[in-house]
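Q: My structure file query31.cif, mmCIF, C-alpha atoms, is below:
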```cif
data_my_file
#
loop_
_atom_site.label_atom_id
_atom_site.label_comp_id
_atom_site.auth_asym_id
_atom_site.auth_seq_id
_atom_site.Cartn_x
_atom_site.Cartn_y
_atom_site.Cartn_z
CA MET A 1 24.41 -2.33 12.52
CA GLY A 2 21.48 -2.12 10.11
CA ALA A 3 21.47 -4.61 7.22
CA GLY A 4 17.77 -5.04 6.64
CA SER A 5 16.35 -2.65 4.05
CA ALA A 6 17.03 -3.15 0.34
CA GLU A 7 19.07 0.01 -0.16
CA LEU A 8 22.61 0.45 -1.45
CA ASP A 9 25.26 1.99 0.78
CA PHE A 10 27.23 3.76 -1.97
CA ALA A 11 27.48 7.33 -3.21
CA PRO A 12 25.48 7.91 -6.41
CA ALA A 13 27.04 7.98 -9.83
CA SER A 14 28.67 11.34 -10.59
CA ALA A 15 26.61 11.65 -13.79
CA ILE A 16 23.45 11.58 -11.71
CA SER A 17 24.71 13.97 -9.04
CA GLN A 18 25.94 16.48 -11.62
CA ARG A 19 22.65 16.41 -13.53
CA LEU A 20 20.63 17.03 -10.35
CA GLN A 21 22.99 19.80 -9.18
CA THR A 22 22.65 21.56 -12.53
CA ILE A 23 18.85 21.39 -12.39
CA ILE A 24 18.70 22.66 -8.81
CA HIS A 25 21.14 25.51 -9.49
CA ARG A 26 19.01 26.79 -12.35
CA GLY A 27 15.85 26.47 -10.22
CA ASP A 28 14.13 24.02 -12.55
CA ILE A 29 12.38 21.99 -9.84
CA GLY A 30 8.74 22.17 -10.90
CA TYR A 31 6.56 19.29 -12.04
CA ALA A 32 7.83 16.74 -14.51
CA LEU A 33 6.70 17.85 -17.98
CA PRO A 34 5.27 15.52 -20.63
CA SER A 35 8.50 16.01 -22.56
CA ASP A 36 10.48 14.83 -19.51
CA LEU A 37 8.41 11.67 -19.24
CA LEU A 38 8.86 11.05 -22.95
CA ALA A 39 12.64 11.43 -22.59
CA LEU A 40 12.57 8.99 -19.67
CA SER A 41 10.63 6.43 -21.71
CA GLU A 42 13.10 6.69 -24.59
CA ALA A 43 16.11 6.37 -22.27
CA THR A 44 14.58 3.39 -20.46
CA SER A 45 13.70 1.61 -23.68
CA SER A 46 17.15 2.15 -25.18
CA TRP A 47 18.95 0.97 -22.04
CA HIS A 48 16.99 -2.26 -21.83
CA GLU A 49 17.63 -2.94 -25.50
CA ARG A 50 21.39 -2.47 -24.97
CA SER A 51 21.53 -4.45 -21.76
CA MET A 52 18.93 -7.19 -22.19
CA SER A 53 18.15 -7.32 -25.91
CA TRP A 54 14.57 -6.40 -25.03
CA ARG A 55 13.09 -3.10 -26.10
CA PRO A 56 9.84 -2.17 -24.36
CA ARG A 57 8.03 0.23 -26.64
CA PRO A 58 8.42 3.80 -25.31
CA GLU A 59 4.72 4.50 -25.88
CA ASN A 60 3.90 1.56 -23.58
CA LEU A 61 5.91 2.97 -20.65
CA VAL A 62 4.16 4.93 -17.93
CA ALA A 63 5.67 6.41 -14.77
CA ALA A 64 4.69 5.91 -11.13
CA PRO A 65 6.24 7.07 -7.86
CA ASP A 66 6.94 3.56 -6.50
CA ILE A 67 6.28 -0.15 -6.96
CA THR A 68 3.30 -0.37 -4.59
CA THR A 69 1.47 2.55 -6.22
CA ALA A 70 2.20 1.07 -9.65
CA PHE A 71 0.85 -2.31 -8.55
CA ALA A 72 -2.31 -0.75 -7.13
CA PHE A 73 -2.87 0.97 -10.49
CA VAL A 74 -2.56 -2.37 -12.32
CA LEU A 75 -4.96 -4.08 -9.93
CA MET A 76 -7.58 -1.34 -10.24
CA THR A 77 -7.40 -0.98 -14.01
CA LEU A 78 -6.56 -4.44 -15.38
CA ALA A 79 -7.21 -7.19 -12.82
CA ARG A 80 -10.55 -8.99 -12.61
CA SER A 81 -12.12 -8.46 -9.20
CA GLU A 82 -13.33 -12.08 -9.09
CA GLY A 83 -9.90 -13.50 -9.95
CA PRO A 84 -7.25 -14.43 -7.39
CA VAL A 85 -3.95 -12.63 -6.94
CA LEU A 86 -1.09 -15.12 -6.63
CA VAL A 87 1.95 -14.03 -4.62
CA PRO A 88 5.24 -15.91 -3.97
CA ARG A 89 6.17 -17.35 -0.59
CA PRO A 90 8.64 -16.15 0.55
CA GLY A 91 8.27 -12.86 -1.26
CA TYR A 92 8.24 -9.07 -1.03
CA SER A 93 5.30 -8.51 1.32
CA LYS A 94 4.10 -5.04 0.33
CA LEU A 95 2.53 -6.29 -2.91
CA ARG A 96 0.63 -8.93 -0.96
CA ARG A 97 -0.70 -6.26 1.39
CA VAL A 98 -1.77 -3.97 -1.45
CA ALA A 99 -3.82 -6.74 -3.09
CA SER A 100 -5.40 -7.69 0.23
CA GLU A 101 -6.29 -4.08 1.08
CA LEU A 102 -7.99 -3.70 -2.32
CA GLY A 103 -10.20 -6.70 -1.58
CA PHE A 104 -8.63 -9.36 -3.79
CA ASP A 105 -8.45 -13.03 -2.88
CA VAL A 106 -4.72 -13.50 -2.24
CA LEU A 107 -3.25 -16.98 -2.68
CA GLU A 108 0.36 -18.08 -2.21
CA TYR A 109 2.67 -20.19 -4.32
CA ALA A 110 6.03 -21.46 -3.14
CA VAL A 111 9.51 -20.53 -4.26
CA ARG A 112 11.01 -23.95 -3.64
CA ARG A 113 14.48 -24.96 -2.61
CA THR A 114 15.95 -27.38 -5.15
CA SER A 115 19.17 -29.39 -5.27
CA ASN A 116 20.93 -26.57 -7.12
CA GLY A 117 19.01 -23.44 -6.19
CA HIS A 118 15.36 -22.37 -6.25
CA GLU A 119 12.37 -22.57 -8.59
CA TYR A 120 8.84 -21.20 -8.80
CA ALA A 121 6.22 -23.84 -7.87
CA LEU A 122 4.47 -24.02 -11.25
CA ASP A 123 2.20 -26.85 -10.09
CA GLU A 124 0.83 -24.69 -7.27
CA ILE A 125 0.30 -21.80 -9.66
CA GLU A 126 -1.68 -23.99 -12.04
CA GLU A 127 -3.71 -25.46 -9.18
CA HIS A 128 -4.68 -21.96 -7.98
CA LEU A 129 -5.76 -20.85 -11.45
CA HIS A 130 -7.68 -24.00 -12.37
CA GLY A 131 -11.42 -23.32 -12.48
CA ARG A 132 -11.05 -19.63 -11.59
CA GLN A 133 -12.05 -16.60 -13.63
CA GLY A 134 -8.87 -14.93 -14.74
CA GLY A 135 -6.30 -14.16 -12.11
CA LEU A 136 -3.11 -12.16 -11.67
CA LEU A 137 0.29 -13.63 -10.87
CA VAL A 138 2.90 -11.55 -9.07
CA LEU A 139 6.29 -12.61 -10.42
CA ILE A 140 9.29 -11.19 -8.55
CA HIS A 141 12.11 -11.61 -11.06
CA PRO A 142 14.87 -11.73 -9.93
CA HIS A 143 13.28 -13.07 -6.79
CA ASN A 144 13.41 -11.17 -3.53
CA PRO A 145 14.58 -12.45 -1.02
CA THR A 146 16.29 -15.56 -2.48
CA GLY A 147 18.03 -13.90 -5.43
CA HIS A 148 16.73 -16.64 -7.78
CA LEU A 149 17.29 -15.61 -11.39
CA ALA A 150 14.92 -17.64 -13.58
CA GLN A 151 16.01 -18.47 -17.12
CA GLN A 152 14.24 -19.16 -20.41
CA ALA A 153 12.98 -22.71 -19.75
CA GLU A 154 11.35 -21.88 -16.41
CA LEU A 155 9.86 -18.63 -17.68
CA LYS A 156 8.50 -20.24 -20.84
CA ALA A 157 6.87 -23.01 -18.81
CA LEU A 158 5.27 -20.37 -16.61
CA GLY A 159 4.08 -18.46 -19.68
CA LYS A 160 2.26 -21.51 -21.04
CA ILE A 161 0.30 -21.80 -17.80
CA MET A 162 -0.59 -18.11 -17.82
CA ASP A 163 -1.74 -18.32 -21.43
CA ARG A 164 -3.78 -21.46 -20.78
CA TYR A 165 -5.82 -19.79 -18.04
CA GLY A 166 -5.97 -16.27 -19.47
CA ALA A 167 -4.10 -14.84 -16.47
CA LEU A 168 -2.25 -11.53 -16.18
CA VAL A 169 1.35 -11.33 -14.96
CA PHE A 170 2.74 -8.45 -12.93
CA SER A 171 6.50 -8.97 -13.26
CA ASP A 172 8.47 -6.96 -10.70
CA GLU A 173 11.91 -6.63 -12.33
CA ILE A 174 13.28 -3.61 -10.50
CA HIS A 175 16.38 -5.57 -9.35
CA SER A 176 17.05 -6.81 -12.90
CA PRO A 177 20.13 -4.64 -13.73
CA LEU A 178 22.04 -6.23 -10.85
CA ARG A 179 22.85 -9.73 -12.14
CA LEU A 180 26.02 -11.03 -10.50
CA GLY A 181 27.07 -13.99 -12.63
CA ASP A 182 27.23 -15.19 -16.21
CA GLU A 183 23.50 -15.90 -16.48
CA PRO A 184 21.70 -13.00 -18.16
CA HIS A 185 18.51 -11.45 -16.90
CA VAL A 186 15.73 -12.61 -19.23
CA PRO A 187 12.71 -10.27 -19.07
CA TYR A 188 9.61 -12.42 -18.67
CA ALA A 189 7.71 -10.41 -21.30
CA SER A 190 10.41 -11.22 -23.86
CA THR A 191 9.96 -15.01 -23.66
CA SER A 192 6.99 -15.31 -26.04
CA GLU A 193 4.43 -13.33 -27.98
CA ALA A 194 1.77 -14.46 -25.52
CA ALA A 195 3.85 -13.20 -22.58
CA GLN A 196 4.25 -9.86 -24.33
CA HIS A 197 0.47 -9.50 -24.39
CA HIS A 198 -0.36 -10.62 -20.84
CA THR A 199 2.47 -8.97 -18.87
CA VAL A 200 2.92 -5.68 -17.07
CA THR A 201 6.60 -5.27 -16.20
CA ALA A 202 7.76 -2.99 -13.39
CA LEU A 203 11.11 -1.33 -14.10
CA SER A 204 13.16 1.15 -12.13
CA SER A 205 16.56 2.75 -11.73
CA SER A 206 16.01 2.74 -7.95
CA LYS A 207 17.80 -0.44 -6.84
CA ALA A 208 20.63 -0.53 -9.40
CA TRP A 209 21.68 3.10 -9.00
CA GLY A 210 20.56 3.67 -5.40
CA LEU A 211 17.75 6.07 -6.30
CA SER A 212 14.80 4.81 -4.25
CA GLY A 213 14.38 8.18 -2.57
CA VAL A 214 13.83 10.08 -5.82
CA ARG A 215 10.54 8.25 -6.37
CA VAL A 216 10.29 6.97 -9.93
CA THR A 217 9.20 3.53 -11.12
CA GLN A 218 7.91 2.62 -14.58
CA LEU A 219 5.41 0.14 -15.96
CA ALA A 220 5.89 -1.45 -19.35
CA LEU A 221 2.29 -2.07 -20.36
CA PRO A 222 1.37 -4.93 -22.68
CA ASP A 223 0.47 -4.49 -26.32
CA GLY A 224 -3.13 -4.85 -27.44
CA GLU A 225 -6.41 -4.21 -25.68
CA MET A 226 -5.07 -4.58 -22.16
CA GLY A 227 -2.40 -1.92 -22.55
CA ALA A 228 -4.85 0.39 -24.31
CA ARG A 229 -7.28 0.04 -21.40
CA ALA A 230 -4.62 1.02 -18.88
CA ARG A 231 -3.48 4.02 -20.92
CA ALA A 232 -7.10 5.18 -21.27
CA SER A 233 -7.72 5.07 -17.51
CA SER A 234 -8.49 8.38 -15.83
CA MET A 235 -6.19 7.23 -13.03
CA LEU A 236 -3.14 7.47 -15.27
CA SER A 237 -2.88 11.24 -14.87
CA PHE A 238 -2.84 10.86 -11.07
CA LEU A 239 -0.18 8.17 -11.35
CA GLU A 240 2.21 10.11 -13.57
CA GLY A 241 1.42 13.38 -11.79
CA SER A 242 2.81 11.89 -8.58
CA VAL A 243 6.33 11.21 -9.80
CA SER A 244 9.27 13.33 -8.73
CA ALA A 245 10.61 15.68 -11.40
CA LEU A 246 14.13 15.27 -9.99
CA GLY A 247 13.62 11.52 -9.99
CA VAL A 248 12.77 11.57 -13.67
CA GLN A 249 15.99 13.44 -14.44
CA ALA A 250 18.05 11.18 -12.18
CA SER A 251 16.67 8.12 -13.96
CA ILE A 252 17.42 9.57 -17.39
CA ALA A 253 21.01 10.23 -16.30
CA ALA A 254 21.31 6.68 -14.94
CA TYR A 255 20.10 5.07 -18.15
CA GLU A 256 22.07 7.37 -20.46
CA ASP A 257 25.36 7.79 -18.57
CA GLY A 258 25.35 5.39 -15.61
CA ASP A 259 26.70 2.20 -17.18
CA PRO A 260 30.35 2.59 -16.01
CA TRP A 261 29.20 3.17 -12.43
CA LEU A 262 26.83 0.19 -12.64
CA ALA A 263 29.59 -2.09 -13.95
CA ALA A 264 31.85 -1.09 -11.06
CA LEU A 265 29.00 -1.63 -8.60
CA ARG A 266 28.26 -5.12 -9.89
CA ALA A 267 31.94 -6.04 -9.52
CA LYS A 268 31.86 -4.86 -5.89
CA LEU A 269 28.64 -6.73 -5.19
CA LYS A 270 30.04 -9.90 -6.72
CA GLY A 271 33.04 -9.63 -4.40
CA ASN A 272 30.75 -9.09 -1.43
CA ARG A 273 28.63 -12.07 -2.43
CA ASP A 274 31.81 -14.15 -2.45
CA LEU A 275 32.53 -12.99 1.12
CA VAL A 276 29.04 -13.99 2.25
CA THR A 277 29.25 -17.32 0.41
CA ALA A 278 32.59 -18.20 1.96
CA PHE A 279 31.28 -17.32 5.40
CA ALA A 280 28.04 -19.29 4.98
CA THR A 281 29.93 -22.30 3.62
CA GLU A 282 32.51 -22.39 6.41
CA SER A 283 30.39 -21.30 9.37
CA ALA A 284 28.37 -23.65 11.54
CA VAL A 285 26.05 -20.74 12.30
CA ILE A 286 24.46 -20.67 8.82
CA ARG A 287 22.72 -23.43 6.89
CA ASP A 288 20.86 -23.84 3.59
CA TYR A 289 22.24 -20.76 1.84
CA VAL A 290 22.20 -20.38 -1.95
CA PRO A 291 24.34 -17.56 -3.46
CA PRO A 292 21.96 -15.09 -5.14
CA GLY A 293 22.14 -14.76 -8.91
CA SER A 294 21.23 -11.09 -8.78
CA SER A 295 21.08 -8.03 -6.49
CA PHE A 296 22.65 -7.52 -3.06
CA LEU A 297 20.43 -9.57 -0.75
CA ALA A 298 21.32 -12.88 0.91
CA TRP A 299 18.62 -15.26 2.18
CA MET A 300 19.87 -17.71 4.77
CA SER A 301 18.85 -19.80 7.76
CA LEU A 302 20.32 -19.48 11.24
CA ALA A 303 21.48 -22.87 12.62
CA ILE A 304 21.32 -21.85 16.27
CA ASP A 305 19.00 -22.84 19.11
CA ARG A 306 16.95 -19.67 19.54
CA ALA A 307 14.25 -20.87 21.94
CA SER A 308 11.12 -18.89 21.08
CA GLU A 309 12.87 -16.07 19.21
CA THR A 310 12.95 -15.59 15.46
CA ALA A 311 16.35 -15.38 13.76
CA ALA A 312 15.90 -11.62 13.32
CA GLN A 313 15.03 -11.14 17.00
CA PHE A 314 17.95 -13.31 18.06
CA LEU A 315 20.48 -11.39 15.96
CA GLN A 316 19.07 -8.08 17.20
CA ARG A 317 19.35 -9.12 20.85
CA ARG A 318 22.59 -11.08 20.76
CA ALA A 319 24.62 -9.11 18.24
CA ARG A 320 22.76 -5.82 17.71
CA LEU A 321 22.48 -6.61 14.02
CA GLY A 322 19.31 -5.49 12.28
CA VAL A 323 18.07 -7.82 9.50
CA LEU A 324 14.66 -8.64 8.04
CA GLY A 325 13.13 -11.86 9.33
CA ALA A 326 11.04 -14.55 7.69
CA ALA A 327 7.72 -12.98 8.70
CA GLU A 328 8.49 -9.97 6.51
CA PHE A 329 8.34 -12.29 3.50
CA GLY A 330 5.37 -14.43 4.45
CA SER A 331 7.51 -17.38 5.52
CA SER A 332 6.49 -19.44 8.54
CA SER A 333 10.03 -20.79 9.08
CA ASP A 334 11.39 -18.27 11.54
CA SER A 335 15.02 -19.40 11.26
CA TRP A 336 15.34 -17.48 7.96
CA PHE A 337 16.50 -13.91 7.52
CA ARG A 338 17.65 -11.54 4.77
CA LEU A 339 21.00 -9.78 4.91
CA ASN A 340 21.88 -6.74 2.80
CA PHE A 341 25.46 -6.93 1.45
CA GLY A 342 25.25 -3.77 -0.69
CA SER A 343 27.98 -1.91 1.17
CA SER A 344 31.76 -1.84 1.44
CA PRO A 345 33.59 -5.14 2.11
CA GLU A 346 34.54 -3.77 5.53
CA VAL A 347 30.90 -3.20 6.50
CA VAL A 348 29.85 -6.58 5.12
CA GLY A 349 32.67 -8.22 7.08
CA ARG A 350 31.48 -6.46 10.22
CA CYS A 351 27.95 -7.82 9.69
CA LEU A 352 29.28 -11.34 9.19
CA SER A 353 31.38 -11.09 12.33
CA LEU A 354 28.25 -10.13 14.26
CA ILE A 355 26.40 -13.17 12.91
CA ALA A 356 29.33 -15.36 13.95
CA TYR A 357 29.34 -13.72 17.37
CA ALA A 358 25.66 -14.58 17.82
CA GLY A 359 26.64 -18.25 17.73
CA THR A 360 29.08 -17.92 20.62
CA THR A 361 28.25 -18.40 24.29
CA ASP A 362 29.76 -15.18 25.59
CA ASP A 363 27.15 -12.41 25.90
CA ASP A 364 29.44 -9.92 27.58
CA VAL A 365 31.47 -8.41 24.76
CA LEU A 366 30.53 -7.63 21.20
CA PRO A 367 33.31 -8.02 18.59
CA HIS A 368 35.43 -4.96 17.96
CA PRO A 369 34.53 -3.07 14.73
CA GLU A 370 37.94 -3.93 13.29
CA GLN A 371 37.33 -7.70 13.60
CA HIS A 372 35.91 -9.21 10.42
#
```
As structure tokens, how would this structure be written, given the file I've shared?
A:
Amino acid sequence: MGAGSAELDFAPASAISQRLQTIIHRGDIGYALPSDLLALSEATSSWHERSMSWRPRPENLVAAPDITTAFAFVLMTLARSEGPVLVPRPGYSKLRRVASELGFDVLEYAVRRTSNGHEYALDEIEEHLHGRQGGLLVLIHPHNPTGHLAQQAELKALGKIMDRYGALVFSDEIHSPLRLGDEPHVPYASTSEAAQHHTVTALSSSKAWGLSGVRVTQLALPDGEMGARARASSMLSFLEGSVSALGVQASIAAYEDGDPWLAALRAKLKGNRDLVTAFATESAVIRDYVPPGSSFLAWMSLAIDRASETAAQFLQRRARLGVLGAAEFGSSSDSWFRLNFGSSPEVVGRCLSLIAYAGTTDDDVLPHPEQH
């Protein structure tokens, strides 16, 4: 069983499928036109205003094929070469690798376990920025892999630090449509006027509507000089010229007509999260699990004697369950792993039964697929 990658295991919304089928049947599969990108910007802006009471200006939105390409564009056009790039630990590792490959000094700040969840280590962030020229903070919001969904107070406190040191924020919010509880998603750029001017926000339909393969991400550039500099870059034409025309249309359909499907999906994911939470709470195999506030990823620690193996290696060998281990997220504690629960309850139950099996002493027989 594979439960590692951050991809949904559901059929796409019918509104998206029908739009793509219509386009393909009429043979309109050339490059995305400027008018298509404009329509995407308008649809994206309107959806975020309806859903989050935050309207990124359509003229500030630019398209990119994926999050790593978008991040590279921001680093090359807006980041100071002498400033550090701060990345969360644990955290999505590809952004760390992009910054390192481009020659930036990469520093880590912790996403700490607290008595009631997680928090960004603001003291470490301030320590890294003190005495440095500029700097760029990678904010993964909601956080991947823990599912931490920061709220106003934490984000405002972070914004004051960024403003004090003249730092830029790259806020990766591509999981933001997938909140699972009563707490809203608060876009970081919406928390203050200062944040609006020092933040580049990454947005996408990819995670919420299962469209990663159609290759479209967007950047909401800041107002003022910084945004103008990015829009004036000669690299922008390469960036937007690399997006998928079908992806642009799929994203427009998601933002314009995909809300009913998204609501149903969030209800399913909330039910699946409840399954995982009940299992983690009752099982002696799992420890130190916090239910995620957003998305379909569970971050947990394996309470089993694994000798020299990581949790991911142990689960692969003992139960033939594929998950992502701590090393994938820059964590040195190899008991941690990330489980994808973005599938049917039956598949999620199967994954949980395999984790439970890994804690048994009998290596001879794997649990039957019907046992959950």
Q: Enumerate, in order of chain and increasing residue number, the residues of stretch 272-309 of chain A with an atom no farther than 10 Å from stretch 104-127 of chain A, each with its shortest atom pair and distance in Å to one decimal, counting only C-alpha atoms, as a tab-separated table.
A:
```
residue	atom	partner	partner_atom	distance
A:Asp288	CA	A:Arg113	CA	9.0
A:Tyr289	CA	A:Gly117	CA	9.1
A:Val290	CA	A:Gly117	CA	6.1
A:Pro291	CA	A:Gly117	CA	8.4
A:Pro292	CA	A:Gly117	CA	8.9
A:Gly293	CA	A:Gly117	CA	9.6
```
Q: I need the residue nearest A:Gly181 from this list: A:Asp257, A:Asp28, A:Glu82, A:Asp274. Use only C-alpha atoms for the distance.
A: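 Among the listed residues, A:Asp274 lies closest to A:Gly181.
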Q: Give me the stretch 22-126 of chain A side of the contact with stretch 228-231 of chain A, cut-off 9 Å, one line per residue showing its nearest atom pair and distance in Å at one decimal, counting all atoms listed in the file, sorted by chain and residue number, as a Markdown table.
A:
```
| residue | atom | partner | partner_atom | distance |
| --- | --- | --- | --- | --- |
| A:Asn60 | CA | A:Arg231 | CA | 8.2 |
| A:Val62 | CA | A:Arg231 | CA | 8.3 |
| A:Phe73 | CA | A:Ala230 | CA | 8.6 |
| A:Val74 | CA | A:Ala230 | CA | 7.7 |
| A:Thr77 | CA | A:Ala230 | CA | 6.0 |
| A:Leu78 | CA | A:Ala230 | CA | 6.8 |
```
Q: Counting only C-alpha atoms, find residues at most 7 Å from (7.9, -8.4, 3.8) (file frame) and give them as a list of chain:residue names.
A: A:Gly91, A:Tyr92, A:Ser93, A:Lys94, A:Ala327, A:Glu328, A:Phe329, A:Gly330
Q: Those selected residues, please, written with C-alpha atoms and delivered as a short mmCIF file (atom, residue, chain, number, x, y, z; two decimals), in the coordinates of the input.
A:
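Saved result, out.cif, follows:
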```
data_model
loop_
_atom_site.label_atom_id
_atom_site.label_comp_id
_atom_site.auth_asym_id
_atom_site.auth_seq_id
_atom_site.Cartn_x
_atom_site.Cartn_y
_atom_site.Cartn_z
CA GLY A 91 8.27 -12.86 -1.26
CA TYR A 92 8.24 -9.07 -1.03
CA SER A 93 5.30 -8.51 1.32
CA LYS A 94 4.10 -5.04 0.33
CA ALA A 327 7.72 -12.98 8.70
CA GLU A 328 8.49 -9.97 6.51
CA PHE A 329 8.34 -12.29 3.50
CA GLY A 330 5.37 -14.43 4.45
#
```
Q: List, as an mmCIF file with C-alpha atoms, in the frame of the given file, every residue that the PyMOL selection byres ((chain A and resi 303) around 6) selects in the file provided.
A:
```
data_model
loop_
_atom_site.group_PDB
_atom_site.id
_atom_site.type_symbol
_atom_site.label_atom_id
_atom_site.label_comp_id
_atom_site.auth_asym_id
_atom_site.auth_seq_id
_atom_site.Cartn_x
_atom_site.Cartn_y
_atom_site.Cartn_z
ATOM 1 C CA VAL A 285 26.050 -20.740 12.300
ATOM 2 C CA ILE A 286 24.460 -20.670 8.820
ATOM 3 C CA ARG A 287 22.720 -23.430 6.890
ATOM 4 C CA LEU A 302 20.320 -19.480 11.240
ATOM 5 C CA ILE A 304 21.320 -21.850 16.270
#
```
Q: Using all atoms listed in the file, I'd like a table of the residues in stretch 188-305 of chain A that come within 6 Å of stretch 8-16 of chain A; for each, show the closest atom pair and its distance in Å rounded to one decimal, ordered by chain and ascending number, as a Markdown table.
A:
```
| residue | atom | partner | partner_atom | distance |
| --- | --- | --- | --- | --- |
| A:Gly210 | CA | A:Leu8 | CA | 5.5 |
| A:Ala250 | CA | A:Ile16 | CA | 5.4 |
| A:Ala253 | CA | A:Ile16 | CA | 5.4 |
| A:Trp261 | CA | A:Ala13 | CA | 5.9 |
```
Q: At what distance in Å, to one decimal, does atom CA of A:Lys160 lie from atom CA of A:Met52?
A: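 Going from atom CA of A:Met52 over to atom CA of A:Lys160 covers 22.0 Å.
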Q: Find the residues around A:Ser206 up to 9 Å (all atoms listed in the file counted), leave out those fewer than 6 positions away in its own chain, and share them as a ChimeraX atom specification.
A: /A:7,174-175,212-217,251
Q: Can you write just those residues out, C-alpha atoms, as a PDB file, in the frame of the given file?
A:
```pdb
ATOM      1  CA  GLU A   7      19.070   0.010  -0.160  1.00  0.00           C
ATOM      2  CA  ILE A 174      13.280  -3.610 -10.500  1.00  0.00           C
ATOM      3  CA  HIS A 175      16.380  -5.570  -9.350  1.00  0.00           C
ATOM      4  CA  SER A 212      14.800   4.810  -4.250  1.00  0.00           C
ATOM      5  CA  GLY A 213      14.380   8.180  -2.570  1.00  0.00           C
ATOM      6  CA  VAL A 214      13.830  10.080  -5.820  1.00  0.00           C
ATOM      7  CA  ARG A 215      10.540   8.250  -6.370  1.00  0.00           C
ATOM      8  CA  VAL A 216      10.290   6.970  -9.930  1.00  0.00           C
ATOM      9  CA  THR A 217       9.200   3.530 -11.120  1.00  0.00           C
ATOM     10  CA  SER A 251      16.670   8.120 -13.960  1.00  0.00           C
TER      11      SER A 251
END
```
Q: Please evaluate the PyMOL selection byres ((chain A and resi 352-361) around 12) against the displayed coordinates and give the resulting residues as a PyMOL selection string.
A: chain A and resi 1-3+272-273+275-280+282-286+298+300-306+311-323+337+339-341+345-351+362-372
Q: Do a neighbour search on stretch 134-143 of chain A at 7 Å with all atoms listed in the file, toss out local chain neighbours closer than 2 positions, and write the hits as a ChimeraX atom specification.
A: /A:79-80,83-87,129,132,145-150,165-173,175-176,294
Q: A:Ala263, A:Ile252, A:Leu236, A:Ala307: which is nearest A:Ser205, counting all atoms listed in the file?
A: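 Comparing A:Ala263, A:Ile252, A:Leu236, A:Ala307 against A:Ser205, the winner is A:Ile252.
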Q: Using all atoms listed in the file, list the residues that have an atom at most 12 Å from (17.1, -9.9, -27.8), coordinates as in the file, as a tab-separated table (two decimals) with C-alpha atoms, keeping the file's coordinate frame.
A:
```
chain	number	residue	atom	x	y	z
A	48	HIS	CA	16.99	-2.26	-21.83
A	49	GLU	CA	17.63	-2.94	-25.50
A	50	ARG	CA	21.39	-2.47	-24.97
A	51	SER	CA	21.53	-4.45	-21.76
A	52	MET	CA	18.93	-7.19	-22.19
A	53	SER	CA	18.15	-7.32	-25.91
A	54	TRP	CA	14.57	-6.40	-25.03
A	55	ARG	CA	13.09	-3.10	-26.10
A	56	PRO	CA	9.84	-2.17	-24.36
A	184	PRO	CA	21.70	-13.00	-18.16
A	185	HIS	CA	18.51	-11.45	-16.90
A	186	VAL	CA	15.73	-12.61	-19.23
A	187	PRO	CA	12.71	-10.27	-19.07
A	189	ALA	CA	7.71	-10.41	-21.30
A	190	SER	CA	10.41	-11.22	-23.86
A	191	THR	CA	9.96	-15.01	-23.66
A	192	SER	CA	6.99	-15.31	-26.04
```
Q: Interatomic distance between atom CA of A:Ile24 and atom CA of A:Ser244?
A: 13.3 Å
Q: With distances taken over all atoms listed in the file, which of A:Val200, A:Leu180, A:Leu38, A:Met162 is nearest to A:Phe296?
A: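 Checking each of A:Val200, A:Leu180, A:Leu38, A:Met162 against A:Phe296, counting all atoms listed in the file, the winner is A:Leu180.
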Q: Write out as lines of an AutoDock Vina configuration file an axis-aligned box for stretch 38-49 of chain A: all of its atoms listed in the file, 4 Å added on each side, centre and edge lengths in Å with one decimal.
A:
```
center_x = 13.9
center_y = 4.2
center_z = -22.6
size_x = 18.1
size_y = 22.4
size_z = 13.8
```
Q: Find the residue from A:Arg89, A:Arg179, A:Arg97, A:Lys270 that sits nearest to A:Thr68; use only C-alpha atoms when measuring.
A: A:Arg97
Q: Selected by the PyMOL selection byres ((chain A and resi 58) around 7) in the shown coordinates: which residues, as number ranges by chain?
A: A: 41-42, 45, 56-57, 59-61
